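Comments concern the structure below.
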There are 6 protein chains.
Amino acid sequence: MKTFIYPGSFDPPTCGHADIARRAAALCDKLIVAVLGNVNKPGAMFTVSERVKMLEEVFRNTPNIEVKHFDGLLVDACHAWGATCIVRGVRGMDDMANEMQLAAINRRIGDVQTIFLPADETLMYVSSSVVRELAHYKSDVSSFVPKVVADAIDSKG
Amino acid sequence: MKTFIYPGSFDPPTCGHADIARRAAALCDKLIVAVLGNVNKPGAMFTVSERVKMLEEVFRNTPNIEVKHFDGLLVDACHAWGATCIVRGVRGMDDMANEMQLAAINRRIGDVQTIFLPADETLMYVSSSVVRELAHYKSDVSSFVPKVVADAIDSKG
Amino acid sequence: MKTFIYPGSFDPPTCGHADIARRAAALCDKLIVAVLGNVNKPGAMFTVSERVKMLEEVFRNTPNIEVKHFDGLLVDACHAWGATCIVRGVRGMDDMANEMQLAAINRRIGDVQTIFLPADETLMYVSSSVVRELAHYKSDVSSFVPKVVADAIDSKG
Amino acid sequence: MKTFIYPGSFDPPTCGHADIARRAAALCDKLIVAVLGNVNKPGAMFTVSERVKMLEEVFRNTPNIEVKHFDGLLVDACHAWGATCIVRGVRGMDDMANEMQLAAINRRIGDVQTIFLPADETLMYVSSSVVRELAHYKSDVSSFVPKVVADAIDSKG
Amino acid sequence: MKTFIYPGSFDPPTCGHADIARRAAALCDKLIVAVLGNVNKPGAMFTVSERVKMLEEVFRNTPNIEVKHFDGLLVDACHAWGATCIVRGVRGMDDMANEMQLAAINRRIGDVQTIFLPADETLMYVSSSVVRELAHYKSDVSSFVPKVVADAIDSKG
Amino acid sequence: MKTFIYPGSFDPPTCGHADIARRAAALCDKLIVAVLGNVNKPGAMFTVSERVKMLEEVFRNTPNIEVKHFDGLLVDACHAWGATCIVRGVRGMDDMANEMQLAAINRRIGDVQTIFLPADETLMYVSSSVVRELAHYKSDVSSFVPKVVADAIDSKG
């Protein structure tokens with residue numbers, strides 16, 4: 001069984017994240033969507049457990065996606081959960097230099113591969129930080145995030 | 001069964017190609033290494049059928065790799081062979097802008113995904129064009145290409 | 001009156017070109033869409049005069065767009081037609097280094113400015129060369145080019 | 001009447017900013033130079049109102065430039081002031097990926113266009129952060145900033 | 001006598017830093033490895049004087065390398081020490097835009113040149129920040145840093 | 001004695017080439033400016049021996065610059081002439097990915113280093129191909145090339 005892992009902060013999850021995860025899930029037997037960190041950073045929009053719950057809701061109908069959180073080195077999570085491949089979405093060239101460095105280090109220290117999935121071109125401008133800024137100014141974000149996330153943002157308002 | 005496809009010119013196949021193919025094969029049930037084109041361009045080092053034979057030799061011990069050649073649109077080959085995902089090796093940022101465009105077009109016209117695998121950092125400088133130039137000047141290329149390819153280059157000498 | 005110029009090969013014109021031109025036309029009083037070259041290169045899909053005719057058809061309802069062709073240095077065309085600003089569409093980072101060099105040289109030798117318009121993200125993967133390749137394999141290009149262009153491609157088939 | 005907006009932090013304004021603004025002003029009927037933010041961040045060199053005053057002095061002889069400050073979403077400022085196009089200076093490729101994302105989001109949420117102007121090549125190395133660092137070490141910055149800014153930095157010394 | 005300077009934070013020094021320094025030392029008569037800053041930032045792994053001592057140990061057998069620390073503008077250090085050329089290692093394209101800007105400013109304000117040395121491809125993924133993160137999670141870093149640095153990290157453990 | 005080599009096509013030599021060579025010469029004991037190729041490609045503006053003569057004239061007053069031509073692998077020329085370091089000018093990020101690959105291959109096959117010198121920002125837009133195109137249209141190129149080159153272009157006119 002091939003298990004891939006899709007790690008991220010997901011603060012908040014966006015339609016871009018959901019699209020990458022669903023496409024990655026089609027490439028493997030099981031995809032673990034892994035929320036990074038267990039501390040609640042100052043400035044975070046949602047706690048880690050809130051993010052986990054929202055992601056579980058988003059992927060409720062995608063049976064081979066499991067949502068987890070992890071703290072520590074990503075390769076340790078991979079080993080613990082049997083994941084042999086890390087999935088990263090890329091939106092453009094600026095992402096790649098840093099991503100290639102991380103991929104090399106994870107392969108070297110943990111023998112874990114990394115694959116990059118290109119973001120859907122219609123979602124290329126969507127990011128968690130853009131959503132946080134729009135939400136800060138009470139701008140409508142409902143076309144950028146899954147419904148459960150939009151509702152959670154509204155109820156924070 | 002998940003079938004991925006790794007297309008390229010492979011003129012000649014390099015250690016970098018072999019590394020990407022073997023790692024991609026570990027991520028799916030079957031990997032098709034697909035040699036692009038059926039015409040023999042002026043300036044080509046090897047004919048398409050020579051390249052296919054060399055690649056078959058290179059992957060003789062990797063049971064889930066199959067070597068084919070194709071002519072025409074890549075998405076048509078994917079549909080004909082049941083491949084749902086295109087594999088591309090990336091060596092650096094310069095590759096990415098063009099690759100993202102091709103990935104978008106292939107998803108749009110053929111509903112086929114693309115994943116990018118980062119080249120091994122120790123093979124990042126190896127390319128078919130570098131090998132062709134070194135071979136042109138009779139420089140030793142045996143550390144950059146699989147043995148069967150080095151032998152074929154020597155016998156051309 | 002502010003006249004801008006949008007130069008290119010437009011072989012063939014795409015929906016991306018049409019979108020950039022219409023947005024540029026909204027920023028100035030008159031936009032000249034200028035087809036580059038008067039020779040018919042081997043490998044060209046359409047002659048320069050065919051491209052001019054198609055573009056005229058595409059922009060028939062945009063009154064402040066005029067289609068012309070030019071041969072020679074772009075800055076000479078700008079001076080002849082009273083254009084003070086060159087418009088260039090950019091699809092990603094790979095375009096920019098070369099574009100910045102051309103912008104600098106045109107400002108230095110002709111005192112003509114250049115502005116870059118970002119391609120619409122939903123059209124980012126569309127280019128004339130992709131259309132030419134798809135058309136070569138008789139693949140449907142009707143969603144990538146204006147109707148008049150799609151018809152012209154079909155009638156060539 | 002075509003109104004463009006040139007937003008930024010301008011802490012402090014540089015010769016590069018002045019050059020971009022003057023060139024942008026030549027492309028439209030009215031250019032609003034908009035100082036971002038109304039809070040005075042720790043680490044800022046000048047208050048927002050000091051920056052506004054310096055910019056007003058810099059553009060005193062450019063009649064179609066108006067200096068304003070804004071807080072909140074840039075598209076809201078555009079709507080309030082009737083600006084249909086955002087102007088951004090670009091110095092190199094590193095700027096572009098993030099700029100393209102912002103341009104896409106502003107077009108999507110506010111129907112506002114963005115144009116990029118290439119920095120003058122002789123000013124390409126000038127930035128507010130470089131000026132702040134040089135000023136911190138009492139290095140002469142008079143060739144990098146307009147005279148009114150150099151005087152204001154000296155009087156802080 | 002040609003004196004070059006290789007500045008950096010070196011927190012901690014890595015095998016990549018050691019490789020760049022040794023190769024740079026082969027290109028000049030004397031190389032000054034200059035540790036940036038005299039303050040001990042919160043979050044630093046080692047104090048500046050600890051870094052200087054480790055670097056002295058690393059280069060003990062490279063007679064034309066001298067380790068120093070500096071505070072203030074790099075060009076002032078160059079002038080004080082008679083260095084006419086700054087050495088910078090580059091690992092990929094993301095480094096270059098910012099590096100080109102710094103090189104231009106240092107040439108303009110201090111008449112000091114900058115040369116870029118490409119990182120060894122086998123060390124391209126090694127950086128001080130990666131080492132700090134691995135060390136934070138008690139992961140083995142001994143293949144990424146010189147032995148004296150690995151020992152110092154262990155003894156902090 | 002430290003000998004560096006600055007290879008290129010130099011068809012024609014530009015002010016940018018002259019600037020890089022003079023700055024490189026200040027970093028070593030002897031700089032060899034090496035004109036690539038001994039064949040006269042169709043489309044070339046000057047023969048290799050014309051380029052060598054022009055470069056000799058350009059550097060007549062720079063005693064530690066020697067002009068040569070070479071054919072074959074660059075590392076073989078380095079070994080033959082005792083050069084331990086290749087000098088390359090870089091104008092922007094687009095140059096770097098390919099340059100890093102060549103630097104790695106030359107270090108691997110010939111144990112020759114490569115250093116990159118940033119182009120002067122005021123010359124960043126000058127290239128041989130731009131000069132060739134301007135000259136083709138009889139545009140004045142005298143501010144982009146050394147006087148001897150401008151004269152040679154004029155006499156071709």
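Chain identifiers are assigned as A, B, and so on, following the order in which chains appear in the structure tokens; residues are numbered from 1 within each chain, and ligands are numbered from 1 in order of appearance.
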Inset, instruction - Would you kindly return, as a VMD selection string, each protein, DNA or RNA residue with an atom no farther than 12 Å from any atom of Ile65 (chain D), considering only C-alpha atoms and excluding same-chain residues fewer than 3 positions away? - result: chain D and resid 3 to 6 18 20 to 34 55 to 62 68
Inset, instruction - Would you kindly return, as an NGL selection string, each protein, DNA or RNA residue with an atom no farther than 8 Å from any atom of region 117-134 of chain B, considering only C-alpha atoms and excluding same-chain residues fewer than 2 positions away? - result: (:A and (100 or 103-104 or 114-116)) or (:B and (10-16 or 19-20 or 24 or 45 or 87-91 or 115 or 136-141 or 144)) or (:E and (121-122 or 124)) or (:F and (73 or 100-102 or 104-105))
Legend entry - Interface, chain D side, toward chain A (12 Å; only C-alpha atoms) as a PyMOL selection string: chain D and resi 71-76+93-110
Legend entry - Given only C-alpha atoms as the counted atoms, nearest of C:Val52, C:Val145, C:Ala135, C:Ala80 to Ser9 (chain C): C:Val52
Legend entry - Those in chain F with helix (DSSP H, G or I) from DSSP, as a PyMOL selection string: chain F and resi 15-25+48-58+74-81+93-110+121-123+128-136+147-156
Inset, instruction - Tell me, in Å to one decimal, how far CA of Thr84 (chain E) is from CA of Thr47 (chain E). - result: 27.6 Å
